[in-house]
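Everything below concerns the one structure shown next.
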Amino acid sequence: MRKAVAAILALSMIVGLTGCAGKKEETAPAKEQTESSGEAGKKEGESTAAETTKSAGGDQAPVTLTFWHRDGNTTSNPMFDVIIKDFEEKYPWITVEYTGLAADSYMTKYNTAIVTGETPDVCTISNKDLNTLVAQDALLDLEDSFNQWEEKDQMLPEILDSARFLSGDGKLYMLGYGMTQETSWYNKKWHEEHGIEPAQTIDQLVEYSKKYADKSKGEYYFTLRGGAGSAENLFMFLMSYAGVTSLFQEDGTCNLSNPKIAEGLDVYANLYKEGLVSVDAISNGFKEMVAEFGSGTAQYMMHNSSSVAENEKNLGAENVMVVKPLAGKDGIAVCKAPSFMGAAAFKATKHPEEAALFVEYLASAVGAGYADVTEGRVPVNKGIYEQDWYKENPYYQVYATFAEQGVKFAEFPFWLDGYNEYAKTNITADFQAVLHGEKQAADVCNAWANDLGKMQKEYLSK
Amino acid sequence: MSNKTKKRLIRILTVNIPLVVLFIVTIFPLYWTIVTSLKPENQIMKLPLKYWPSPITFDNYKYIWNNMGFDVYFFNSVMVTVISTVVCTVVSLFGGYAIARYPYKGKKLTYLILLVSQMFPGVVLMIPLFEIFKNMGIVNSPYSLILTYTTVRIPFCMIMISGFVAGVSPALEEAAQIDGCSVLGAITKIVVPTIAPGLVAAGAFAFVSSWNEYVYAFCFLSSERYFTLPIGLKLMKGEFSVAYGSLAAGCVMALIPVILLFAYIQKYLVSGLSAGAVKG
């Protein structure tokens with residue numbers, strides 16, 4: 001025992017000492033960080049020596065920017081390594097320190113950083129987060145630097161308008177670098193083998209689901225999303241079925257009380273009740289749905305453009321393709337208006353000019369182009385349309401035809417306080433109750449219409 | 001059918017088969033994680049499912065070690081966990097000894113405070129601790145984690161160890177002291193060997209809970225060079241992607257030290273837990 005305790009103590013000392021040594025070796029980057037806004041606890045002068053090596057770029061003083069990405073993963077981390085390297089070559093006096101954060105908890109990190117004054121210089125956000133961050137007075141107004149940016153005319157005006165609208169005060173705090181396009185994915189090889197085109201209408205989806213569902217083999221045509229994040233697919237299906245193109249009327253009344261919506265919910269729920277989708281579908285979130293599609297359990301899936309990497313990895317790039325979202329009887333396919341990702345600078349940055357430069361680089365045709373092709377996002381910088389990869393990418397050619405194929409884009413109410421929580425909890429729980437046969441479609445649709453209508457009217461009255 | 005055969009059959013049906021089923025249910029997720037980690041990423045979703053990887057590949061391990069920073073995360077986890085475990089165990093030993101041996105006013109209150117401190121969810125302390133560490137200048141450094149893990153685990157370990165110390169007769173220490181041993185000498189030479197199973201149990205608790213901790217690590221650390229394994233594992237699942245092979249490889253990597261530790265201390269741990277359960 002004595003030996004064991006001695007060994008543990010010795011090991012801890014060695015590791016501890018090595019740890020301290022390791023820290024010393026990392027003095028240079030650690031000191032560089034003092035230049036960033038996020039290192040308030042360190043002395044300012046410390047950075048000078050370490051950063052001298054970066055001063056080769058010209059007269060500018062070396063600057064280190066801290067950069068947090070909202071969705072650090074095996075795709076985005078290497079992607080940002082490349083983008084940052086290119087940026088640093090273009091602006092040699094700037095060093096960017098990248099940190100990828102977990103996608104399901106980045107807002108906790110951002111909020112903690114804001115509360116404690118430890119924000120990075122630059123971050124990426126989704127358009128859904130913009131209002132929350134601006135409400136905390138955390139972001140830097142980018143309007144002035146944007147107006148001087150050489151690529152400002154290449155940015156899609158609707159994305160800029162949306163960013164200004166969602167901020168709540170009409171100012172520009174975020175530059176988008178890519179959109180996420182709602183679409184439908186299908187297994188191309190399977191469809192070719194069966195000699196059919198992918199479902200383009202709800203009627204076709206029901207017909208194929210009945211024809212090709214084989215419970216004994218665990219094979220189905222469609223993978224239904226009944227768990228986390230199911231509200232978006234559900235609303236798209238219901239609105240397309242009913243031919244309703246907006247969730248709200250002008251006075252704030254919610255259209256979900258339309259009897260055709262409840263009828264659509266019955267059609268959707270019957271896919272589950274009749275065993276035309278997997279029995280697990282009731283709890284399917286994103287990863288389960290993509291897994292069903294990727295494993296060949298299902299051949300058709302409603303999801304957005306960003307699952308491209310997963311789908312290609314699982315089925316092979318040559319075996320997957322996208323098609324316009326499902327249309328109802330009158331030919332209208334309603335899909336969620338694209339959400340967009342972008343970069344923003346925190347107000348507390350000590351290097352607003354360099355932070356703005358980096359934000360602009362991430363939105364530029366070069367920076368955003370690489371990010372979009374890697375992550376499967378739809379470009380919002382028109383300069384990217386001229387790049388070869390974009391012209392040759394088969395998915396983007398399909399997305400470009402959506403509008404002329406009768407696809408209507410509906411805004412889902414992320415501007416409403418509490419909508420995200422309501423969709424996560426109430427809508428998902430009610431939908432699962434309908435799938436279980438515990439609640440009636442008409443009852444839950446009326447309840448949703450009532451609750452959302454109340455929220456929207458409250459919003460309009462402000 | 002003879003009585004002996006009947007009894008044997010009943011035993012198989014009521015004991016052996018349920019035990020085998022339970023064993024399979026318990027061990028299968030671990031087995032599946034290992035198998036997944038050894039498959040090429042593009043074969044993980046393929047049907048029919050393969051219960052044995054063919055071909056076996058270590059690419060997932062290489063990838064996360066070389067490209068996703070697991071070499072750094074692993075080292076950070078080892079450093080933070082070992083230091084906090086050792087400090088926690090040593091402090092808890094002396095604290096537990098004091099509680100068990102010395103009568104003083106407010107002893108019950110001390111016990112109560114130590115117990116109550118275990119009932120707060122960790123997230124409640126997140127912002128206050130962040131502010132404290134910010135003022136100390138140790139936010140975004142492993143020291144913030146070492147300090148947190150040590151202090152958060154000490155109350156439980158102290159209570160646990162005090163139970164073991166109380167079970168050792170003071171006469172043993174008194175005898176040692178009569179023979180010229182100091183108080184510290186009596187603790188290290190008499191008490192520590194006697195309560196070794198309890199120390200190991202407390203140390204194992206501190207080790208595992210620090211090794212797996214995510215919330216504080218995610219909150220206090222902002223640079224990848226200081227990230228620990230639980231944060232690294234979270235990065236295997238993106239908003240629209242899950243790298244199952246890398247995730248499984250990361251899980252196996254994170255499990256290895258814990259399994260090795262438990263394999264070594266198992267004999268102490270079992271007797272330690274049972275002994276601690278009946279003394280106080």
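Residue names in the structure tokens use chain letters A, B, ... in the order shown, residue numbers from 1 in each chain, and ligand numbers from 1 in the order shown.
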
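Secondary structure from DSSP on the backbone puts alpha helix (DSSP H) at the following positions of stretch 154-185 of chain B: Ile154, Pro155, Phe156, Cys157, Met158, Ile159, Met160, Ile161, Ser162, Gly163, Phe164, Val165, Ala166, Pro170, Ala171, Leu172, Glu173, Glu174, Ala175, Ala176, Gln177, Ile178, Val183, Leu184 and Gly185 of chain B.
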
- Residue nearest chain B - candidates A:Ala113, A:Leu142, A:Ala441, A:Val378, atoms counted: only C-alpha atoms: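 Closest candidate: A:Ala113.
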
- Message: Could you tell me which residues of chain B sit within 8 Å of chain A when counting only C-alpha atoms, and give me the result as a PyMOL selection string?
- Response: chain B and resi 41-47+67-68+76+78-79+82-83+86+127+130-131+134-138+193+196+218-219+222-224+231+234-243

Keeping only C-alpha atoms, write those residues as a JSON list (two decimals), in the first residue's frame.
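Final file, part37.json:
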[["chain", "number", "residue", "atom", "x", "y", "z"],
["B", 41, "GLU", "CA", -16.41, 6.00, -40.30],
["B", 42, "ASN", "CA", -18.31, 5.29, -43.53],
["B", 43, "GLN", "CA", -19.14, 1.73, -42.47],
["B", 44, "ILE", "CA", -20.67, 2.49, -39.12],
["B", 45, "MET", "CA", -24.15, 3.13, -40.52],
["B", 46, "LYS", "CA", -24.07, 0.36, -43.08],
["B", 47, "LEU", "CA", -26.73, -2.37, -42.93],
["B", 67, "ASN", "CA", -6.27, 16.20, -35.55],
["B", 68, "MET", "CA", -8.83, 16.88, -32.85],
["B", 76, "ASN", "CA", -4.84, 18.03, -19.38],
["B", 78, "VAL", "CA", -4.67, 13.44, -16.41],
["B", 79, "MET", "CA", -2.95, 16.45, -14.90],
["B", 82, "VAL", "CA", -4.42, 13.40, -10.59],
["B", 83, "ILE", "CA", -3.51, 16.62, -8.82],
["B", 86, "VAL", "CA", -4.20, 13.60, -4.52],
["B", 127, "ILE", "CA", -21.00, 32.31, -12.11],
["B", 130, "PHE", "CA", -16.08, 32.32, -12.41],
["B", 131, "GLU", "CA", -16.00, 35.78, -10.80],
["B", 134, "LYS", "CA", -11.38, 35.92, -12.71],
["B", 135, "ASN", "CA", -10.24, 38.08, -9.81],
["B", 136, "MET", "CA", -7.57, 35.53, -9.00],
["B", 137, "GLY", "CA", -6.43, 35.60, -12.63],
["B", 138, "ILE", "CA", -6.83, 31.87, -13.12],
["B", 193, "PRO", "CA", -2.46, 1.58, 6.46],
["B", 196, "ALA", "CA", -6.30, 2.14, 3.17],
["B", 218, "PHE", "CA", -16.67, 24.11, -20.27],
["B", 219, "CYS", "CA", -17.44, 27.22, -18.26],
["B", 222, "SER", "CA", -11.81, 29.07, -23.29],
["B", 223, "SER", "CA", -8.65, 27.89, -25.01],
["B", 224, "GLU", "CA", -8.38, 24.53, -26.68],
["B", 231, "ILE", "CA", -15.11, 18.88, -23.66],
["B", 234, "LYS", "CA", -18.66, 16.95, -26.94],
["B", 235, "LEU", "CA", -16.99, 18.27, -30.08],
["B", 236, "MET", "CA", -17.56, 14.94, -31.81],
["B", 237, "LYS", "CA", -21.24, 15.84, -32.12],
["B", 238, "GLY", "CA", -21.98, 18.94, -34.12],
["B", 239, "GLU", "CA", -25.28, 20.66, -34.81],
["B", 240, "PHE", "CA", -25.80, 18.64, -37.97],
["B", 241, "SER", "CA", -23.20, 15.91, -37.70],
["B", 242, "VAL", "CA", -22.12, 13.11, -35.43],
["B", 243, "ALA", "CA", -18.70, 11.54, -35.89]]

- Check the smallest atom-to-atom distance from each of A:Lys324, A:Pro157, A:Asp203, A:Val134 to A:Lys171 using only C-alpha atoms, then report the winner.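 Nearest to A:Lys171: A:Val134.
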
Within 9 Å of stretch 420-427 of chain A, counting only C-alpha atoms, which residues qualify if same-chain residues fewer than 5 places away don't, as a compact mmCIF listing (two decimals) with N, CA, C and O atoms, in the first residue's frame?
# COMPACT_ATOMS: atom_id res chain seq x y z
N GLY A 227 -39.18 13.41 -32.29
CA GLY A 227 -38.56 13.85 -31.03
C GLY A 227 -38.03 15.27 -31.11
O GLY A 227 -38.71 16.16 -31.64
N ALA A 228 -36.82 15.46 -30.60
CA ALA A 228 -36.24 16.81 -30.52
C ALA A 228 -36.21 17.47 -31.89
O ALA A 228 -35.80 16.86 -32.88
N GLY A 229 -36.67 18.71 -31.94
CA GLY A 229 -36.63 19.48 -33.19
C GLY A 229 -37.69 19.09 -34.19
O GLY A 229 -37.61 19.45 -35.37
N SER A 230 -38.73 18.38 -33.74
CA SER A 230 -39.74 17.89 -34.69
C SER A 230 -40.69 18.99 -35.17
O SER A 230 -41.35 18.83 -36.21
N ALA A 231 -40.76 20.10 -34.44
CA ALA A 231 -41.76 21.13 -34.77
C ALA A 231 -41.59 21.69 -36.18
O ALA A 231 -42.57 21.96 -36.88
N GLU A 232 -40.32 21.83 -36.61
CA GLU A 232 -40.10 22.46 -37.92
C GLU A 232 -40.59 21.57 -39.06
O GLU A 232 -41.30 22.03 -39.96
N PRO A 413 -41.61 31.63 -36.01
CA PRO A 413 -41.54 32.84 -35.14
C PRO A 413 -40.43 32.82 -34.08
O PRO A 413 -40.71 32.86 -32.88
N PHE A 414 -39.17 32.83 -34.52
CA PHE A 414 -38.07 32.86 -33.56
C PHE A 414 -37.97 34.22 -32.86
O PHE A 414 -37.24 34.36 -31.89
N GLN A 432 -46.21 14.07 -29.95
CA GLN A 432 -46.00 12.67 -29.55
C GLN A 432 -47.28 12.06 -28.98
O GLN A 432 -47.56 10.88 -29.20
N VAL A 444 -54.94 19.61 -30.33
CA VAL A 444 -53.59 20.16 -30.17
C VAL A 444 -53.36 21.33 -31.13
O VAL A 444 -52.72 22.32 -30.76
N TRP A 448 -52.15 24.98 -29.93
CA TRP A 448 -50.97 25.66 -30.47
C TRP A 448 -51.36 27.03 -31.04
O TRP A 448 -50.67 28.02 -30.83
N LEU A 452 -49.68 30.34 -29.56
CA LEU A 452 -48.80 31.12 -30.44
C LEU A 452 -49.46 32.43 -30.84
O LEU A 452 -48.79 33.47 -30.96

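By only C-alpha atoms, and with residues fewer than 5 positions from B:Pro121 along its chain excluded, the set lying at most 12 Å from it is Val116, Met126, Val152, Val215 and Tyr216 of chain B.
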
Please identify which residues in stretch 118-258 of chain A DSSP calls strand (DSSP E) from the backbone, and express them as a PDB file with C-alpha atoms, in the first residue's frame.
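This is the output file out-v4.pdb:
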ATOM      1  CA  VAL A 122     -15.175  37.491 -32.554  1.00  0.00           C
ATOM      2  CA  CYS A 123     -17.717  34.686 -32.525  1.00  0.00           C
ATOM      3  CA  THR A 124     -20.049  32.896 -34.868  1.00  0.00           C
ATOM      4  CA  ILE A 125     -23.780  32.875 -34.218  1.00  0.00           C
ATOM      5  CA  SER A 126     -27.011  31.773 -35.797  1.00  0.00           C
ATOM      6  CA  LEU A 175     -22.516  39.291 -41.293  1.00  0.00           C
ATOM      7  CA  GLY A 176     -23.854  36.024 -42.619  1.00  0.00           C
ATOM      8  CA  TYR A 177     -21.582  33.474 -44.245  1.00  0.00           C
ATOM      9  CA  GLY A 178     -24.104  30.818 -45.204  1.00  0.00           C
ATOM     10  CA  MET A 179     -27.724  29.756 -45.093  1.00  0.00           C
ATOM     11  CA  THR A 180     -29.246  26.481 -44.123  1.00  0.00           C
ATOM     12  CA  GLU A 182     -34.687  23.252 -45.807  1.00  0.00           C
ATOM     13  CA  THR A 183     -35.038  20.485 -48.352  1.00  0.00           C
ATOM     14  CA  SER A 184     -35.801  16.791 -48.734  1.00  0.00           C
ATOM     15  CA  TRP A 185     -33.077  14.171 -49.108  1.00  0.00           C
ATOM     16  CA  TYR A 186     -33.549  10.911 -50.951  1.00  0.00           C
ATOM     17  CA  ASN A 187     -31.524   7.785 -51.568  1.00  0.00           C
ATOM     18  CA  TYR A 220     -39.426   2.128 -44.696  1.00  0.00           C
ATOM     19  CA  TYR A 221     -39.758   4.830 -47.284  1.00  0.00           C
ATOM     20  CA  PHE A 222     -39.895   7.805 -44.931  1.00  0.00           C
ATOM     21  CA  THR A 223     -38.142   8.686 -41.699  1.00  0.00           C
TER      22      THR A 223
END

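Nearest residue to B:Met160 among B:Lys189, B:Tyr111, B:Phe28, B:Tyr104 is B:Tyr111, counting only C-alpha atoms.
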
Write out as a short mmCIF file (atom, residue, chain, number, x, y, z; two decimals) with all heavy atoms, in the first residue's frame which residues come within 12 Å of B:Thr148 when counting only C-alpha atoms, dropping same-chain ones fewer than 2 positions away.
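Result file is out_32.cif:
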data_model
loop_
_atom_site.label_atom_id
_atom_site.label_comp_id
_atom_site.auth_asym_id
_atom_site.auth_seq_id
_atom_site.Cartn_x
_atom_site.Cartn_y
_atom_site.Cartn_z
N VAL B 80 -5.08 17.47 -14.37
CA VAL B 80 -6.09 18.07 -13.49
C VAL B 80 -6.63 17.02 -12.52
O VAL B 80 -6.76 17.27 -11.31
CB VAL B 80 -7.23 18.68 -14.35
CG1 VAL B 80 -8.44 18.99 -13.48
CG2 VAL B 80 -6.76 19.92 -15.05
N THR B 81 -6.93 15.84 -13.05
CA THR B 81 -7.55 14.81 -12.21
C THR B 81 -6.60 14.27 -11.16
O THR B 81 -6.98 14.14 -9.98
CB THR B 81 -8.05 13.65 -13.11
OG1 THR B 81 -8.90 14.19 -14.10
CG2 THR B 81 -8.82 12.64 -12.30
N ILE B 83 -3.85 15.63 -9.86
CA ILE B 83 -3.51 16.62 -8.82
C ILE B 83 -4.70 16.82 -7.88
O ILE B 83 -4.56 16.80 -6.65
CB ILE B 83 -3.06 17.95 -9.45
CG1 ILE B 83 -1.74 17.76 -10.20
CG2 ILE B 83 -2.89 19.02 -8.37
CD1 ILE B 83 -1.26 18.98 -10.94
N SER B 84 -5.88 17.01 -8.45
CA SER B 84 -7.03 17.27 -7.57
C SER B 84 -7.36 16.05 -6.70
O SER B 84 -7.75 16.19 -5.55
CB SER B 84 -8.24 17.76 -8.36
OG SER B 84 -8.56 16.85 -9.36
N THR B 85 -7.17 14.86 -7.25
CA THR B 85 -7.44 13.65 -6.47
C THR B 85 -6.47 13.52 -5.30
O THR B 85 -6.89 13.25 -4.17
CB THR B 85 -7.33 12.39 -7.37
OG1 THR B 85 -8.27 12.52 -8.43
CG2 THR B 85 -7.61 11.12 -6.59
N VAL B 87 -4.60 15.91 -3.86
CA VAL B 87 -4.81 16.98 -2.87
C VAL B 87 -6.09 16.71 -2.07
O VAL B 87 -6.12 16.81 -0.84
CB VAL B 87 -4.88 18.36 -3.57
CG1 VAL B 87 -5.23 19.44 -2.57
CG2 VAL B 87 -3.57 18.68 -4.26
N CYS B 88 -7.14 16.34 -2.78
CA CYS B 88 -8.42 16.08 -2.12
C CYS B 88 -8.28 14.95 -1.10
O CYS B 88 -8.78 15.06 0.03
CB CYS B 88 -9.45 15.74 -3.19
SG CYS B 88 -11.02 15.21 -2.54
N GLY B 122 -24.16 21.80 -9.13
CA GLY B 122 -22.92 22.49 -9.47
C GLY B 122 -23.12 23.78 -10.24
O GLY B 122 -22.39 24.75 -10.06
N LEU B 125 -23.08 27.30 -8.66
CA LEU B 125 -21.81 27.94 -8.28
C LEU B 125 -21.02 28.49 -9.47
O LEU B 125 -19.99 29.12 -9.30
CB LEU B 125 -20.93 26.92 -7.55
CG LEU B 125 -21.50 26.30 -6.27
CD1 LEU B 125 -20.61 25.17 -5.78
CD2 LEU B 125 -21.63 27.36 -5.19
N MET B 126 -21.53 28.23 -10.65
CA MET B 126 -20.75 28.51 -11.85
C MET B 126 -20.33 29.98 -11.96
O MET B 126 -19.14 30.29 -12.07
CB MET B 126 -21.54 28.11 -13.09
CG MET B 126 -20.70 27.55 -14.19
SD MET B 126 -21.71 26.63 -15.35
CE MET B 126 -22.58 27.93 -16.17
N PRO B 128 -20.59 32.56 -9.65
CA PRO B 128 -19.75 33.05 -8.54
C PRO B 128 -18.31 32.56 -8.62
O PRO B 128 -17.38 33.34 -8.43
CB PRO B 128 -20.44 32.48 -7.30
CG PRO B 128 -21.82 32.17 -7.71
CD PRO B 128 -21.79 31.89 -9.17
N LEU B 129 -18.14 31.27 -8.93
CA LEU B 129 -16.77 30.75 -9.03
C LEU B 129 -16.01 31.43 -10.16
O LEU B 129 -14.83 31.74 -10.05
CB LEU B 129 -16.79 29.24 -9.25
CG LEU B 129 -17.03 28.36 -8.03
CD1 LEU B 129 -17.11 26.89 -8.42
CD2 LEU B 129 -15.93 28.56 -6.99
N PHE B 130 -16.72 31.66 -11.26
CA PHE B 130 -16.08 32.32 -12.41
C PHE B 130 -15.55 33.70 -11.99
O PHE B 130 -14.42 34.07 -12.31
CB PHE B 130 -17.08 32.46 -13.56
CG PHE B 130 -16.44 32.76 -14.88
CD1 PHE B 130 -16.33 31.77 -15.85
CD2 PHE B 130 -15.93 34.02 -15.18
CE1 PHE B 130 -15.74 32.04 -17.08
CE2 PHE B 130 -15.34 34.30 -16.38
CZ PHE B 130 -15.24 33.30 -17.34
N ILE B 132 -14.80 34.72 -8.97
CA ILE B 132 -13.68 34.56 -8.03
C ILE B 132 -12.39 34.24 -8.80
O ILE B 132 -11.35 34.87 -8.60
CB ILE B 132 -13.99 33.44 -7.01
CG1 ILE B 132 -15.12 33.88 -6.08
CG2 ILE B 132 -12.75 33.08 -6.19
CD1 ILE B 132 -15.71 32.76 -5.25
N PHE B 133 -12.49 33.29 -9.71
CA PHE B 133 -11.29 32.90 -10.46
C PHE B 133 -10.81 34.02 -11.38
O PHE B 133 -9.61 34.16 -11.62
CB PHE B 133 -11.57 31.63 -11.28
CG PHE B 133 -11.81 30.41 -10.42
CD1 PHE B 133 -12.65 29.39 -10.83
CD2 PHE B 133 -11.19 30.28 -9.19
CE1 PHE B 133 -12.87 28.28 -10.04
CE2 PHE B 133 -11.40 29.17 -8.39
CZ PHE B 133 -12.23 28.17 -8.82
N ILE B 138 -7.07 33.26 -12.69
CA ILE B 138 -6.83 31.87 -13.12
C ILE B 138 -7.98 31.31 -13.97
O ILE B 138 -8.07 30.11 -14.17
CB ILE B 138 -6.58 30.92 -11.92
CG1 ILE B 138 -7.75 30.95 -10.93
CG2 ILE B 138 -5.29 31.25 -11.22
CD1 ILE B 138 -7.66 29.86 -9.88
N VAL B 139 -8.86 32.22 -14.46
CA VAL B 139 -9.85 31.75 -15.43
C VAL B 139 -9.09 31.33 -16.68
O VAL B 139 -8.06 31.90 -17.00
CB VAL B 139 -10.85 32.88 -15.76
CG1 VAL B 139 -11.59 32.60 -17.04
CG2 VAL B 139 -11.87 33.02 -14.64
N SER B 141 -7.49 28.54 -17.13
CA SER B 141 -6.26 27.80 -16.83
C SER B 141 -6.64 26.55 -16.05
O SER B 141 -7.70 26.52 -15.41
CB SER B 141 -5.27 28.67 -16.03
OG SER B 141 -5.48 28.47 -14.66
N PRO B 142 -5.79 25.53 -16.09
CA PRO B 142 -6.14 24.28 -15.39
C PRO B 142 -6.27 24.48 -13.88
O PRO B 142 -6.93 23.71 -13.21
CB PRO B 142 -4.96 23.36 -15.69
CG PRO B 142 -4.22 23.99 -16.79
CD PRO B 142 -4.53 25.43 -16.80
N TYR B 143 -5.63 25.56 -13.36
CA TYR B 143 -5.68 25.77 -11.91
C TYR B 143 -7.11 26.01 -11.42
O TYR B 143 -7.46 25.63 -10.31
CB TYR B 143 -4.76 26.95 -11.52
CG TYR B 143 -3.33 26.70 -11.95
CD1 TYR B 143 -2.72 27.49 -12.91
CD2 TYR B 143 -2.61 25.64 -11.43
CE1 TYR B 143 -1.42 27.24 -13.33
CE2 TYR B 143 -1.31 25.37 -11.84
CZ TYR B 143 -0.72 26.18 -12.79
OH TYR B 143 0.56 25.92 -13.21
N SER B 144 -7.92 26.66 -12.26
CA SER B 144 -9.32 26.89 -11.86
C SER B 144 -10.03 25.55 -11.68
O SER B 144 -10.83 25.37 -10.76
CB SER B 144 -10.04 27.75 -12.90
OG SER B 144 -10.00 27.14 -14.17
N LEU B 145 -9.73 24.60 -12.54
CA LEU B 145 -10.37 23.28 -12.43
C LEU B 145 -9.83 22.50 -11.23
O LEU B 145 -10.59 21.88 -10.49
CB LEU B 145 -10.15 22.46 -13.70
CG LEU B 145 -10.88 22.92 -14.96
CD1 LEU B 145 -10.78 21.86 -16.03
CD2 LEU B 145 -12.34 23.21 -14.69
N ILE B 146 -8.52 22.56 -11.05
CA ILE B 146 -7.91 21.83 -9.92
C ILE B 146 -8.51 22.33 -8.61
O ILE B 146 -8.94 21.55 -7.75
CB ILE B 146 -6.37 22.00 -9.93
CG1 ILE B 146 -5.78 21.28 -11.14
CG2 ILE B 146 -5.76 21.47 -8.63
CD1 ILE B 146 -4.32 21.58 -11.41
N THR B 150 -11.03 19.97 -6.40
CA THR B 150 -10.55 19.62 -5.07
C THR B 150 -11.56 20.05 -4.00
O THR B 150 -11.97 19.26 -3.16
CB THR B 150 -9.19 20.30 -4.81
OG1 THR B 150 -8.31 19.97 -5.88
CG2 THR B 150 -8.58 19.84 -3.51
N THR B 151 -11.95 21.31 -4.06
CA THR B 151 -12.81 21.83 -2.99
C THR B 151 -14.21 21.22 -3.03
O THR B 151 -14.81 20.99 -1.99
CB THR B 151 -12.93 23.37 -3.08
OG1 THR B 151 -13.24 23.72 -4.43
CG2 THR B 151 -11.65 24.04 -2.68
N VAL B 152 -14.70 20.96 -4.23
CA VAL B 152 -16.05 20.41 -4.33
C VAL B 152 -16.10 18.96 -3.82
O VAL B 152 -17.10 18.53 -3.24
CB VAL B 152 -16.55 20.50 -5.80
CG1 VAL B 152 -17.78 19.65 -6.02
CG2 VAL B 152 -16.85 21.94 -6.16
N ARG B 153 -15.01 18.21 -4.01
CA ARG B 153 -15.02 16.79 -3.59
C ARG B 153 -14.64 16.62 -2.11
O ARG B 153 -14.93 15.59 -1.52
CB ARG B 153 -14.03 15.95 -4.41
CG ARG B 153 -14.04 16.17 -5.88
CD ARG B 153 -15.30 15.69 -6.57
NE ARG B 153 -15.20 16.01 -7.99
CZ ARG B 153 -16.11 16.65 -8.70
NH1 ARG B 153 -17.24 17.04 -8.13
NH2 ARG B 153 -15.93 16.91 -9.98
N ILE B 154 -13.92 17.57 -1.55
CA ILE B 154 -13.41 17.40 -0.19
C ILE B 154 -14.50 17.06 0.85
O ILE B 154 -14.33 16.12 1.63
CB ILE B 154 -12.56 18.63 0.25
CG1 ILE B 154 -11.15 18.49 -0.35
CG2 ILE B 154 -12.47 18.74 1.78
CD1 ILE B 154 -10.26 19.69 -0.08
N ALA B 206 -13.13 10.73 -5.98
CA ALA B 206 -12.60 12.03 -6.43
C ALA B 206 -12.07 11.93 -7.85
O ALA B 206 -12.29 12.83 -8.67
CB ALA B 206 -11.51 12.50 -5.48
N SER B 209 -15.09 11.38 -10.51
CA SER B 209 -15.96 12.56 -10.68
C SER B 209 -15.19 13.71 -11.34
O SER B 209 -15.77 14.49 -12.09
CB SER B 209 -16.59 12.98 -9.36
OG SER B 209 -15.59 13.10 -8.38
N SER B 210 -13.90 13.82 -11.08
CA SER B 210 -13.12 14.88 -11.74
C SER B 210 -12.85 14.53 -13.20
O SER B 210 -12.91 15.38 -14.08
CB SER B 210 -11.77 15.08 -11.03
OG SER B 210 -11.97 15.39 -9.69
N GLU B 213 -15.96 15.29 -15.36
CA GLU B 213 -16.65 16.56 -15.17
C GLU B 213 -16.64 17.41 -16.45
O GLU B 213 -15.61 17.58 -17.09
CB GLU B 213 -15.99 17.33 -14.02
CG GLU B 213 -16.89 18.32 -13.33
CD GLU B 213 -17.10 19.59 -14.13
OE1 GLU B 213 -16.15 19.99 -14.83
OE2 GLU B 213 -18.18 20.17 -14.06
N VAL B 215 -19.29 20.43 -16.88
CA VAL B 215 -19.90 21.77 -16.77
C VAL B 215 -18.88 22.84 -16.36
O VAL B 215 -18.76 23.88 -17.02
CB VAL B 215 -21.09 21.75 -15.78
CG1 VAL B 215 -21.66 23.15 -15.58
CG2 VAL B 215 -22.18 20.82 -16.31
N TYR B 216 -18.15 22.59 -15.29
CA TYR B 216 -17.16 23.59 -14.85
C TYR B 216 -16.06 23.76 -15.91
O TYR B 216 -15.62 24.88 -16.18
CB TYR B 216 -16.51 23.17 -13.54
CG TYR B 216 -17.43 23.26 -12.34
CD1 TYR B 216 -17.62 22.17 -11.50
CD2 TYR B 216 -18.10 24.44 -12.03
CE1 TYR B 216 -18.46 22.25 -10.40
CE2 TYR B 216 -18.95 24.52 -10.94
CZ TYR B 216 -19.12 23.42 -10.12
OH TYR B 216 -19.94 23.50 -9.04
N ALA B 217 -15.62 22.64 -16.46
CA ALA B 217 -14.54 22.71 -17.45
C ALA B 217 -14.97 23.56 -18.65
O ALA B 217 -14.21 24.43 -19.11
CB ALA B 217 -14.15 21.31 -17.90
N CYS B 219 -17.21 25.84 -18.68
CA CYS B 219 -17.44 27.22 -18.26
C CYS B 219 -16.12 27.98 -18.07
O CYS B 219 -15.98 29.10 -18.53
CB CYS B 219 -18.24 27.21 -16.97
SG CYS B 219 -18.50 28.82 -16.27
N PHE B 220 -15.14 27.35 -17.42
CA PHE B 220 -13.93 28.08 -17.04
C PHE B 220 -12.87 28.13 -18.15
O PHE B 220 -12.00 28.99 -18.13
CB PHE B 220 -13.29 27.44 -15.80
CG PHE B 220 -14.18 27.49 -14.58
CD1 PHE B 220 -14.12 26.48 -13.63
CD2 PHE B 220 -15.07 28.53 -14.39
CE1 PHE B 220 -14.94 26.52 -12.51
CE2 PHE B 220 -15.90 28.57 -13.27
CZ PHE B 220 -15.84 27.57 -12.33
#
